>>> print(open('entry-v4.txt').read())   # compact mmCIF, C-alpha atoms
# COMPACT_ATOMS: atom_id res chain seq x y z
CA MET A 752 0.00 0.00 0.00
CA THR A 753 1.19 3.47 -0.85
CA THR A 754 2.11 5.50 2.20
CA ILE A 755 1.29 9.18 2.07
CA SER A 756 2.80 11.61 4.55
CA PRO A 757 0.53 13.10 7.25
CA GLU A 758 1.41 16.56 5.89
CA ALA A 759 0.12 15.66 2.42
CA LEU A 760 -3.07 14.14 3.87
CA THR A 761 -3.64 17.15 6.12
CA ASP A 762 -3.19 19.54 3.20
CA LEU A 763 -5.64 17.53 1.05
CA LEU A 764 -8.26 17.11 3.78
CA PHE A 765 -8.26 20.83 4.58
CA ARG A 766 -8.74 21.63 0.89
CA LEU A 767 -11.65 19.24 0.66
CA ALA A 768 -13.30 20.25 3.93
CA ASP A 769 -12.87 24.00 3.48
CA ASP A 770 -14.27 23.93 -0.07
CA GLU A 771 -17.35 22.06 1.14
CA LEU A 772 -17.92 24.28 4.15
CA LEU A 773 -17.55 27.55 2.26
CA VAL A 774 -19.50 26.58 -0.85
CA GLY A 775 -22.17 25.14 1.45
CA HIS A 776 -22.34 28.45 3.29
CA ARG A 777 -22.55 30.42 0.03
CA ASN A 778 -25.32 28.15 -1.30
CA SER A 779 -27.20 28.49 1.99
CA GLU A 780 -27.38 32.24 1.27
CA TRP A 781 -30.08 31.33 -1.29
CA THR A 782 -32.38 30.00 1.41
CA GLY A 783 -35.60 32.00 1.23
CA VAL A 784 -34.70 33.87 -1.97
CA ALA A 785 -34.28 31.19 -4.66
CA PRO A 786 -36.54 31.62 -7.75
CA ILE A 787 -39.18 29.04 -6.74
CA ILE A 788 -40.00 27.40 -3.42
CA GLU A 789 -39.23 23.84 -4.57
CA GLU A 790 -35.79 24.88 -5.79
CA ASP A 791 -35.24 26.95 -2.65
CA ILE A 792 -35.68 23.78 -0.59
CA ALA A 793 -33.56 21.65 -2.92
CA PHE A 794 -30.71 24.17 -3.02
CA SER A 795 -30.77 24.63 0.76
CA SER A 796 -30.81 20.88 1.26
CA MET A 797 -27.76 20.47 -0.95
CA ALA A 798 -26.02 23.21 1.03
CA GLN A 799 -26.61 21.11 4.14
CA ASP A 800 -25.18 18.08 2.32
CA GLU A 801 -21.98 20.01 1.57
CA MET A 802 -21.65 21.09 5.20
CA GLY A 803 -22.16 17.47 6.25
CA HIS A 804 -19.33 16.44 3.95
CA ALA A 805 -17.14 19.17 5.44
CA GLN A 806 -17.85 17.77 8.88
CA ALA A 807 -16.89 14.25 7.71
CA TYR A 808 -13.54 15.55 6.39
CA TYR A 809 -12.87 17.64 9.54
CA THR A 810 -13.60 14.53 11.61
CA ILE A 811 -10.85 12.66 9.75
CA LEU A 812 -8.49 15.57 10.41
CA HIS A 813 -9.39 15.43 14.10
CA GLU A 814 -9.39 11.68 14.64
CA GLN A 815 -6.59 10.58 12.30
CA LEU A 816 -4.35 13.57 11.84
CA GLY A 817 -4.21 15.25 15.24
CA GLN A 818 -6.13 18.42 14.37
CA ASP A 819 -8.63 20.21 16.61
CA ASP A 820 -12.27 19.12 16.75
CA PRO A 821 -14.51 19.90 13.74
CA ASP A 822 -16.37 22.86 15.31
CA LYS A 823 -13.14 24.58 16.26
CA LEU A 824 -11.63 23.94 12.82
CA ALA A 825 -14.68 25.53 11.20
CA PHE A 826 -15.38 28.41 13.58
CA LEU A 827 -12.10 29.36 15.29
CA ARG A 828 -9.48 28.85 12.60
CA ASN A 829 -7.93 31.97 11.11
CA PRO A 830 -8.63 32.90 7.47
CA ASP A 831 -4.93 32.40 6.56
CA ASP A 832 -5.17 28.75 7.59
CA PHE A 833 -8.14 27.96 5.36
CA ARG A 834 -7.32 26.11 2.12
CA SER A 835 -10.54 26.83 0.22
CA ALA A 836 -10.56 27.68 -3.51
CA LEU A 837 -11.73 31.07 -4.76
CA LEU A 838 -14.67 29.39 -6.55
CA ALA A 839 -16.11 28.25 -3.21
CA GLU A 840 -15.54 31.64 -1.58
CA MET A 841 -17.03 33.98 -4.21
CA LYS A 842 -19.95 35.97 -2.95
CA ARG A 843 -23.48 35.32 -4.12
CA ALA A 844 -24.43 36.99 -7.42
CA ASP A 845 -27.43 36.11 -9.63
CA TRP A 846 -29.15 32.76 -10.14
CA ALA A 847 -27.21 31.92 -13.33
CA HIS A 848 -23.99 32.46 -11.35
CA ALA A 849 -25.27 30.22 -8.54
CA LEU A 850 -26.27 27.43 -10.93
CA MET A 851 -23.04 27.62 -12.89
CA ARG A 852 -20.94 27.60 -9.72
CA GLN A 853 -22.84 24.54 -8.52
CA PHE A 854 -22.39 22.89 -11.93
CA LEU A 855 -18.64 23.52 -12.10
CA TYR A 856 -18.09 22.69 -8.44
CA ASP A 857 -20.18 19.52 -8.40
CA THR A 858 -18.80 18.14 -11.67
CA ALA A 859 -15.31 18.59 -10.20
CA GLU A 860 -16.39 17.02 -6.93
CA HIS A 861 -17.93 14.10 -8.79
CA ILE A 862 -14.60 13.36 -10.52
CA ARG A 863 -12.73 13.72 -7.22
CA VAL A 864 -15.06 11.63 -5.07
CA GLU A 865 -15.20 8.83 -7.66
CA ALA A 866 -11.40 8.75 -7.73
CA TYR A 867 -11.02 8.86 -3.94
CA ARG A 868 -13.21 5.75 -3.49
CA GLU A 869 -9.96 3.87 -4.19
CA HIS A 870 -7.64 6.26 -2.32
CA PRO A 871 -4.96 4.42 -0.29
CA PHE A 872 -5.85 6.44 2.84
CA GLU A 873 -8.80 4.30 3.96
CA PRO A 874 -10.67 6.91 6.06
CA LEU A 875 -10.84 9.17 2.99
CA ALA A 876 -11.94 6.26 0.75
CA GLN A 877 -14.70 5.45 3.25
CA VAL A 878 -16.05 9.01 3.25
CA ALA A 879 -15.89 9.12 -0.55
CA ARG A 880 -17.99 5.95 -0.77
CA LYS A 881 -20.41 7.27 1.84
CA ILE A 882 -21.11 10.62 0.18
CA SER A 883 -21.17 9.45 -3.45
CA GLY A 884 -24.99 9.06 -3.46
CA GLU A 885 -25.52 12.67 -2.38
CA GLU A 886 -22.95 13.82 -4.90
CA LYS A 887 -24.75 11.86 -7.62
CA TYR A 888 -27.90 13.83 -6.90
CA HIS A 889 -25.98 17.14 -6.90
CA LEU A 890 -24.60 16.24 -10.31
CA MET A 891 -28.07 15.32 -11.65
CA HIS A 892 -29.43 18.60 -10.32
CA ALA A 893 -26.66 20.73 -11.80
CA ARG A 894 -26.71 18.98 -15.19
CA MET A 895 -30.47 19.23 -15.52
CA TRP A 896 -30.71 22.93 -14.75
CA VAL A 897 -27.75 23.90 -16.92
CA THR A 898 -28.78 21.70 -19.86
CA LYS A 899 -32.39 22.91 -19.79
CA LEU A 900 -31.63 26.61 -19.38
CA GLY A 901 -28.73 26.45 -21.86
CA ASN A 902 -31.13 25.08 -24.46
CA ALA A 903 -34.18 27.19 -23.52
CA THR A 904 -34.09 30.84 -24.69
CA ASP A 905 -31.41 33.22 -25.95
CA GLU A 906 -31.62 35.11 -22.69
CA SER A 907 -31.22 32.04 -20.44
CA ARG A 908 -28.35 30.72 -22.58
CA GLN A 909 -26.57 34.08 -22.55
CA LYS A 910 -26.87 34.43 -18.78
CA LEU A 911 -25.32 31.00 -18.28
CA GLN A 912 -22.58 31.73 -20.83
CA ASP A 913 -21.70 34.96 -19.01
CA ALA A 914 -21.57 33.09 -15.70
CA LEU A 915 -19.40 30.38 -17.29
CA ASP A 916 -16.98 32.96 -18.72
CA THR A 917 -16.66 34.57 -15.30
CA LEU A 918 -16.32 31.35 -13.31
CA TRP A 919 -14.24 29.15 -15.62
CA PRO A 920 -10.77 30.33 -14.43
CA TYR A 921 -11.90 29.94 -10.81
CA ALA A 922 -13.17 26.42 -11.51
CA LEU A 923 -9.71 25.53 -12.84
CA GLY A 924 -8.39 26.90 -9.55
CA LEU A 925 -10.07 23.99 -7.75
CA PHE A 926 -7.14 21.93 -9.04
CA GLU A 927 -4.45 24.33 -7.80
CA GLN A 928 -1.06 22.68 -7.27
CA PRO A 929 -0.98 21.53 -3.63
CA GLN A 930 1.83 21.99 -1.15
CA HIS A 931 2.18 18.20 -1.02
CA GLU A 932 1.08 16.32 -4.14
CA GLN A 933 -0.84 13.04 -3.92
CA PRO A 934 0.46 9.97 -5.77
CA ALA A 935 -1.00 9.30 -9.24
CA PRO A 936 -3.81 8.88 -10.17
CA PHE A 937 -4.94 11.08 -7.25
CA ASP A 938 -2.75 14.05 -8.21
CA GLU A 939 -4.37 17.35 -9.21
CA ASN A 940 -3.16 17.25 -12.83
CA THR A 941 -4.81 13.89 -13.46
CA LEU A 942 -8.04 14.99 -11.78
CA ARG A 943 -8.12 18.27 -13.69
CA GLN A 944 -7.71 16.46 -17.02
CA GLN A 945 -10.50 14.01 -16.13
CA TRP A 946 -12.71 16.92 -15.15
CA LEU A 947 -12.03 18.87 -18.38
CA ASP A 948 -12.80 15.81 -20.51
CA PHE A 949 -16.01 15.28 -18.53
CA VAL A 950 -17.29 18.84 -18.21
CA CYS A 951 -16.56 20.30 -21.65
CA PRO A 952 -18.86 17.90 -23.59
CA LEU A 953 -21.59 18.48 -20.97
CA LEU A 954 -21.32 22.24 -21.49
CA GLN A 955 -21.47 21.75 -25.26
CA SER A 956 -24.66 19.73 -24.89
CA ALA A 957 -26.08 22.74 -23.05
CA SER A 958 -25.15 24.98 -26.05
CA LEU A 959 -22.41 26.63 -23.95
CA ARG A 960 -18.78 27.28 -24.89
CA PRO A 961 -16.07 26.73 -22.28
CA ALA A 962 -12.74 28.52 -22.77
CA ALA A 963 -11.10 25.28 -23.87
CA GLU A 964 -10.01 23.38 -26.98
CA GLU A 965 -10.31 19.74 -27.90
CA ASN A 966 -7.52 17.71 -29.43
CA ASP A 967 -8.04 13.97 -30.01
CA GLY A 968 -10.73 13.84 -27.32
CA GLN A 969 -8.52 15.60 -24.79
CA TRP A 970 -9.50 19.09 -23.64
CA THR A 971 -7.13 21.91 -22.73
CA SER A 972 -8.18 25.19 -21.16
CA THR A 973 -7.27 28.26 -23.18
CA VAL A 974 -7.14 30.49 -20.09
CA ALA A 975 -5.07 30.26 -16.93
CA ALA A 976 -6.49 29.19 -13.57
CA LYS A 977 -7.20 31.77 -10.88
CA THR A 978 -5.88 30.30 -7.66
CA GLY A 979 -6.08 31.34 -4.02
CA ARG A 980 -5.92 28.37 -1.66
CA TYR A 981 -2.56 29.42 -0.20
CA GLY A 982 -1.22 32.79 0.84
CA LYS A 983 -3.24 35.93 1.38
CA PRO A 984 -6.97 35.20 1.86
CA SER A 985 -9.41 36.78 -0.61
CA ASP A 986 -11.79 39.51 0.57
CA ASP A 987 -14.68 37.12 -0.12
CA ARG A 988 -13.13 34.53 2.22
CA LEU A 989 -12.64 37.17 4.92
CA ASP A 990 -16.24 38.40 4.61
CA LEU A 991 -17.63 34.87 4.64
CA LEU A 992 -15.63 33.75 7.68
CA ASN A 993 -16.46 36.95 9.52
CA ALA A 994 -20.17 36.27 9.00
CA MET A 995 -19.95 32.54 9.69
CA GLN A 996 -17.66 32.61 12.72
CA GLN A 997 -18.79 35.70 14.60
CA VAL A 998 -21.51 34.10 16.72
CA TYR A 999 -19.38 31.11 17.68
CA ARG A 1000 -16.48 33.37 18.61
CA ILE A 1001 -18.63 35.34 21.07
CA ASP A 1002 -18.64 32.30 23.35
CA PRO A 1003 -16.64 29.30 22.09
CA GLU A 1004 -17.47 27.30 25.23
CA ALA A 1005 -21.25 27.60 24.79
CA GLU A 1006 -23.26 24.36 24.56
CA TRP A 1007 -25.33 24.15 21.34
CA MET B 285 -55.74 18.74 -5.48
CA THR B 286 -54.87 22.35 -6.14
CA ASP B 287 -57.07 24.42 -8.42
CA GLN B 288 -54.88 24.94 -11.51
CA LYS B 289 -56.82 28.00 -12.67
CA HIS B 290 -55.50 30.06 -9.75
CA ASP B 291 -51.95 28.79 -10.08
CA THR B 292 -49.53 31.21 -11.71
CA GLN B 293 -46.50 28.96 -11.43
CA TRP B 294 -45.26 25.99 -13.46
CA ARG B 295 -47.35 22.93 -14.17
CA LEU B 296 -48.38 20.99 -11.08
CA TRP B 297 -47.36 17.36 -10.51
CA GLU B 298 -48.62 14.93 -7.88
CA VAL B 299 -45.87 13.00 -6.12
CA PHE B 300 -46.03 9.35 -5.05
CA HIS B 301 -43.45 7.87 -2.74
CA GLN B 302 -42.39 4.22 -2.29
CA ALA B 303 -40.74 3.31 1.01
CA LYS B 304 -39.44 -0.09 -0.09
CA ARG B 305 -39.49 -2.26 -3.17
CA GLY B 306 -42.79 -4.03 -3.63
CA ALA B 307 -44.68 -1.63 -1.35
CA ALA B 308 -47.50 0.50 -2.76
CA HIS B 309 -46.60 4.05 -3.81
CA THR B 310 -48.24 6.57 -1.49
CA HIS B 311 -49.38 10.06 -2.46
CA VAL B 312 -47.30 12.54 -0.47
CA GLY B 313 -47.99 15.94 -2.05
CA SER B 314 -47.26 17.98 -5.16
CA VAL B 315 -44.53 20.06 -6.82
CA HIS B 316 -44.38 22.74 -9.50
CA ALA B 317 -42.07 21.90 -12.39
CA PRO B 318 -41.81 22.66 -16.12
CA ASP B 319 -41.51 18.97 -17.07
CA ALA B 320 -41.41 15.43 -15.67
CA ASP B 321 -37.59 15.26 -15.27
CA MET B 322 -37.55 18.45 -13.25
CA ALA B 323 -40.58 17.31 -11.23
CA LEU B 324 -38.72 14.14 -10.20
CA LEU B 325 -35.59 16.13 -9.40
CA LEU B 326 -37.46 18.57 -7.16
CA ALA B 327 -39.75 15.94 -5.63
CA LYS B 328 -36.69 14.11 -4.33
CA GLU B 329 -35.71 17.02 -2.06
CA GLN B 330 -39.27 17.91 -1.06
CA PHE B 331 -40.49 14.44 -0.14
CA ALA B 332 -37.58 12.02 0.26
CA ARG B 333 -35.24 13.93 2.56
CA ARG B 334 -36.37 12.54 5.88
CA GLN B 335 -37.97 9.17 5.17
CA ALA B 336 -36.77 5.96 3.55
CA CYS B 337 -37.43 5.99 -0.20
CA VAL B 338 -36.48 3.72 -3.09
CA ASN B 339 -38.64 5.17 -5.86
CA LEU B 340 -40.71 8.24 -6.75
CA TRP B 341 -43.53 8.73 -9.25
CA VAL B 342 -44.77 12.05 -10.57
CA VAL B 343 -48.05 12.41 -12.42
CA PRO B 344 -49.39 15.61 -14.02
CA THR B 345 -52.15 16.84 -11.73
CA ASP B 346 -54.39 17.54 -14.70
CA ALA B 347 -54.10 13.87 -15.77
CA ILE B 348 -56.12 12.89 -12.71
CA HIS B 349 -59.87 12.52 -13.06
CA ALA B 350 -61.84 12.84 -9.86
CA THR B 351 -65.39 12.47 -8.64
CA ALA B 352 -67.20 15.62 -7.50
CA TYR B 353 -67.66 16.25 -3.79
CA GLU B 354 -71.28 17.21 -4.45
CA ASP B 355 -71.77 13.61 -5.53
CA ASP B 356 -70.27 12.16 -2.38
CA ASP B 357 -73.66 10.72 -1.47
CA ILE B 358 -72.93 7.94 -3.97
CA PHE B 359 -70.56 6.50 -1.36
CA ILE B 360 -73.18 6.25 1.37
CA HIS B 361 -74.54 2.80 2.04
CA GLY B 362 -78.32 3.19 2.00
CA THR B 363 -79.12 -0.13 3.54
CA ASP B 364 -77.27 -2.55 5.77
CA LYS B 365 -74.84 -4.48 3.61
CA SER B 366 -72.46 -5.46 6.38
CA TYR B 367 -72.66 -9.02 5.10
CA ARG B 368 -70.25 -8.04 2.31
CA GLU B 369 -67.66 -6.34 4.52
CA ALA B 370 -64.55 -8.33 5.25
CA PHE B 371 -64.19 -7.50 8.94
CA GLY B 372 -64.61 -11.18 9.76
CA TYR B 373 -61.16 -12.01 8.48
CA LYS B 374 -59.31 -11.21 11.68
CA VAL B 375 -56.33 -13.22 10.59
CA ARG B 376 -55.63 -10.82 7.72
CA SER B 377 -53.67 -8.23 9.69
CA ARG B 378 -51.58 -10.98 11.23
CA ILE B 379 -50.81 -12.43 7.79
CA ARG B 380 -49.80 -9.00 6.55
CA ALA B 381 -47.59 -8.38 9.61
CA SER B 382 -45.85 -11.70 9.16
CA MET B 383 -45.36 -11.07 5.44
CA GLU B 384 -43.72 -7.73 6.22
CA GLU B 385 -41.43 -9.41 8.72
CA ASP B 386 -40.35 -11.89 6.05
CA THR B 387 -39.57 -9.06 3.66
CA ASP B 388 -37.59 -7.28 6.37
CA ASP B 389 -35.48 -10.40 6.84
CA ASP B 390 -34.56 -10.26 3.17
CA ASP B 391 -33.14 -6.74 3.43
>>> encode(input="entry-v4.txt", output="structure tokens")
Amino acid sequence: MTTISPEALTDLLFRLADDELLVGHRNSEWTGVAPIIEEDIAFSSMAQDEMGHAQAYYTILHEQLGQDDPDKLAFLRNPDDFRSALLAEMKRADWAHALMRQFLYDTAEHIRVEAYREHPFEPLAQVARKISGEEKYHLMHARMWVTKLGNATDESRQKLQDALDTLWPYALGLFEQPQHEQPAPFDENTLRQQWLDFVCPLLQSASLRPAAEENDGQWTSTVAAKTGRYGKPSDDRLDLLNAMQQVYRIDPEAEW
Amino acid sequence: MTDQKHDTQWRLWEVFHQAKRGAAHTHVGSVHAPDADMALLLAKEQFARRQACVNLWVVPTDAIHATAYEDDDIFIHGTDKSYREAFGYKVRSRIRASMEEDTDDDD
């Protein structure tokens, strides 16, 4: 069995957990204001799913890798120590932006979770197998909305195309080079290629054009990734964490 | 059923939920959706979040034909016809319970 250093596992698990927590929080900002009540409930429910996945990853960090307990990792950690991608952090815009973010995020997560089912670190493989049903639904949801609206009217297609153009470089940033790379085929380059080859044909079937080119069935992005997992936190991350952590920080010892 | 004439949203679909394979689908409510795919997608989060579910049906509300409430007197038994009711079969509930237990064992 491949042995992966605790540092590499810790880096990976924080990326996974922080993405889920922050995108879950951003999606929860649609609760009460989504376009129709049924979708409001579905979108909120999926936001809860993502937060549940974050908790599962934080629990691995706590129980296997010597980190603090999940609540403290979520609510007391400093913004500099988060490893979330810019795509997960971006503040809420319009509904096309929300749908496209969910589509790009959940297609990427689908590729990742399917790969990690066979990851040599068994606790991660177990979580991947456990959450794959929820992720399957997220993927169905995202594909259906994007395919239907992409093929509906000129206006709906254009709104999704604009959102795609804005979000595409940030989606590539989900696969930012880590501080400690995983062994193949779990490395970011392999996952990014699998994602590109999966997502580009789906976008085409929704009459949308990703900033990418195909060569012999293999897709390459024509624009560079926008990355932000490491280093100075984005303003969106700071705003989000300020909103999310402020109540907990008033009294960290409170019983909930 | 909701009165479609006063509904300004998408088409209405009735949702039927199945708790386990072989069990009857039960009507659990309705959703608005532009088509059947979307109705199934949205029904999943409205009606299968908290309870066990293996299968959902959606049916366009306007595909359902119903009797009129003003005619509900057709259901009243005018004379005593208790001879044709099946309350005598006391063993039935026990058979059903034992069948369900058998199915549970198969899970």
>>> closest_residue(input="entry-v4.txt", among="A:Leu773, A:Ile882, A:Ala963, A:Ala893", to="chain B", atoms="only C-alpha atoms")
A:Ala893
>>> interface_residues(input="entry-v4.txt", of="chain A", to="chain B", cutoff="8 Å", atoms="all atoms listed in the file", output="MDAnalysis selection string")
chainID A and resid 789:790 792:793 796 891:892 895
>>> residues_around(input="entry-v4.txt", residues="Gln302 (chain B)", least_positions_apart="3", cutoff="12 Å", atoms="all atoms listed in the file", output="list in words")
Val299, Arg305, Gly306, Ala307, Ala308, His309, Thr310, His311, Val312, Lys328, Phe331, Ala332, Gln335, Ala336, Cys337, Val338, Asn339, Leu340, Trp341 and Val342 of chain B
>>> atom_distance(input="entry-v4.txt", atom1="CA of Arg980 (chain A)", atom2="CA of His889 (chain A)")
23.6 Å
>>> residues_around(input="entry-v4.txt", residues="Pro929 (chain A)", least_positions_apart="3", cutoff="8 Å", atoms="all atoms listed in the file", output="list in words")
Asp762, Leu763, Glu932 and Glu939 of chain A
>>> atom_distance(input="entry-v4.txt", atom1="CA of Ala798 (chain A)", atom2="CA of Gln877 (chain A)")
21.2 Å
>>> closest_residue(input="entry-v4.txt", among="A:Ala922, A:Phe794, A:His870, A:Thr898", to="Arg852 (chain A)", atoms="all atoms listed in the file")
A:Ala922
>>> residues_around(input="entry-v4.txt", residues="Pro952 (chain A)", least_positions_apart="3", cutoff="12 Å", atoms="all atoms listed in the file", output="compact mmCIF listing (two decimals) with C-alpha atoms, keeping the file's coordinate frame")
# COMPACT_ATOMS: atom_id res chain seq x y z
CA THR A 858 -18.80 18.14 -11.67
CA ARG A 894 -26.71 18.98 -15.19
CA THR A 898 -28.78 21.70 -19.86
CA GLN A 945 -10.50 14.01 -16.13
CA TRP A 946 -12.71 16.92 -15.15
CA LEU A 947 -12.03 18.87 -18.38
CA ASP A 948 -12.80 15.81 -20.51
CA PHE A 949 -16.01 15.28 -18.53
CA GLN A 955 -21.47 21.75 -25.26
CA SER A 956 -24.66 19.73 -24.89
CA ALA A 957 -26.08 22.74 -23.05
CA SER A 958 -25.15 24.98 -26.05
CA LEU A 959 -22.41 26.63 -23.95
CA ARG A 960 -18.78 27.28 -24.89
CA PRO A 961 -16.07 26.73 -22.28
CA ALA A 963 -11.10 25.28 -23.87
CA GLU A 964 -10.01 23.38 -26.98
CA GLU A 965 -10.31 19.74 -27.90
CA GLY A 968 -10.73 13.84 -27.32
CA GLN A 969 -8.52 15.60 -24.79
CA TRP A 970 -9.50 19.09 -23.64
>>> decode(input="entry-v4.txt", residues="region 833-859 of chain A", atoms="N, CA and C atoms", output="compact mmCIF listing (two decimals), in the first residue's frame")
# COMPACT_ATOMS: atom_id res chain seq x y z
N PHE A 833 -7.19 28.67 6.22
CA PHE A 833 -8.14 27.96 5.36
C PHE A 833 -7.47 27.65 4.01
N ARG A 834 -7.92 26.55 3.39
CA ARG A 834 -7.32 26.11 2.12
C ARG A 834 -8.37 26.05 1.01
N SER A 835 -9.44 26.82 1.19
CA SER A 835 -10.54 26.83 0.22
C SER A 835 -10.11 27.48 -1.10
N ALA A 836 -10.79 27.09 -2.18
CA ALA A 836 -10.56 27.68 -3.51
C ALA A 836 -11.44 28.92 -3.66
N LEU A 837 -10.98 29.83 -4.53
CA LEU A 837 -11.73 31.07 -4.76
C LEU A 837 -13.16 30.79 -5.24
N LEU A 838 -13.33 29.71 -6.03
CA LEU A 838 -14.67 29.39 -6.55
C LEU A 838 -15.67 29.19 -5.41
N ALA A 839 -15.22 28.53 -4.35
CA ALA A 839 -16.11 28.25 -3.21
C ALA A 839 -16.38 29.52 -2.40
N GLU A 840 -15.45 30.46 -2.45
CA GLU A 840 -15.54 31.64 -1.58
C GLU A 840 -16.37 32.78 -2.19
N MET A 841 -16.45 32.81 -3.52
CA MET A 841 -17.03 33.98 -4.21
C MET A 841 -18.41 34.30 -3.68
N LYS A 842 -18.67 35.59 -3.53
CA LYS A 842 -19.95 35.97 -2.95
C LYS A 842 -21.09 35.75 -3.93
N ARG A 843 -22.28 35.63 -3.36
CA ARG A 843 -23.48 35.32 -4.12
C ARG A 843 -23.75 36.42 -5.15
N ALA A 844 -24.06 36.01 -6.38
CA ALA A 844 -24.43 36.99 -7.42
C ALA A 844 -25.85 36.65 -7.88
N ASP A 845 -26.06 36.44 -9.20
CA ASP A 845 -27.43 36.11 -9.63
C ASP A 845 -27.61 34.60 -9.73
N TRP A 846 -28.81 34.19 -10.14
CA TRP A 846 -29.15 32.76 -10.14
C TRP A 846 -28.32 31.98 -11.16
N ALA A 847 -28.04 32.59 -12.32
CA ALA A 847 -27.21 31.92 -13.33
C ALA A 847 -25.82 31.63 -12.74
N HIS A 848 -25.29 32.59 -12.01
CA HIS A 848 -23.99 32.46 -11.35
C HIS A 848 -24.04 31.33 -10.33
N ALA A 849 -25.12 31.27 -9.56
CA ALA A 849 -25.27 30.22 -8.54
C ALA A 849 -25.34 28.84 -9.18
N LEU A 850 -26.13 28.72 -10.25
CA LEU A 850 -26.27 27.43 -10.93
C LEU A 850 -24.96 27.01 -11.57
N MET A 851 -24.29 27.97 -12.20
CA MET A 851 -23.04 27.62 -12.89
C MET A 851 -21.95 27.26 -11.88
N ARG A 852 -21.91 27.99 -10.76
CA ARG A 852 -20.94 27.60 -9.72
C ARG A 852 -21.23 26.18 -9.25
N GLN A 853 -22.51 25.89 -8.99
CA GLN A 853 -22.84 24.54 -8.52
C GLN A 853 -22.46 23.51 -9.57
N PHE A 854 -22.72 23.82 -10.84
CA PHE A 854 -22.39 22.89 -11.93
C PHE A 854 -20.89 22.62 -11.98
N LEU A 855 -20.10 23.68 -11.98
CA LEU A 855 -18.64 23.52 -12.10
C LEU A 855 -18.08 22.84 -10.85
N TYR A 856 -18.57 23.26 -9.70
CA TYR A 856 -18.09 22.69 -8.44
C TYR A 856 -18.47 21.21 -8.33
N ASP A 857 -19.73 20.90 -8.62
CA ASP A 857 -20.18 19.52 -8.40
C ASP A 857 -19.69 18.55 -9.48
N THR A 858 -19.44 19.03 -10.70
CA THR A 858 -18.80 18.14 -11.67
C THR A 858 -17.37 17.82 -11.20
N ALA A 859 -16.68 18.82 -10.70
CA ALA A 859 -15.31 18.59 -10.20
C ALA A 859 -15.33 17.66 -9.00
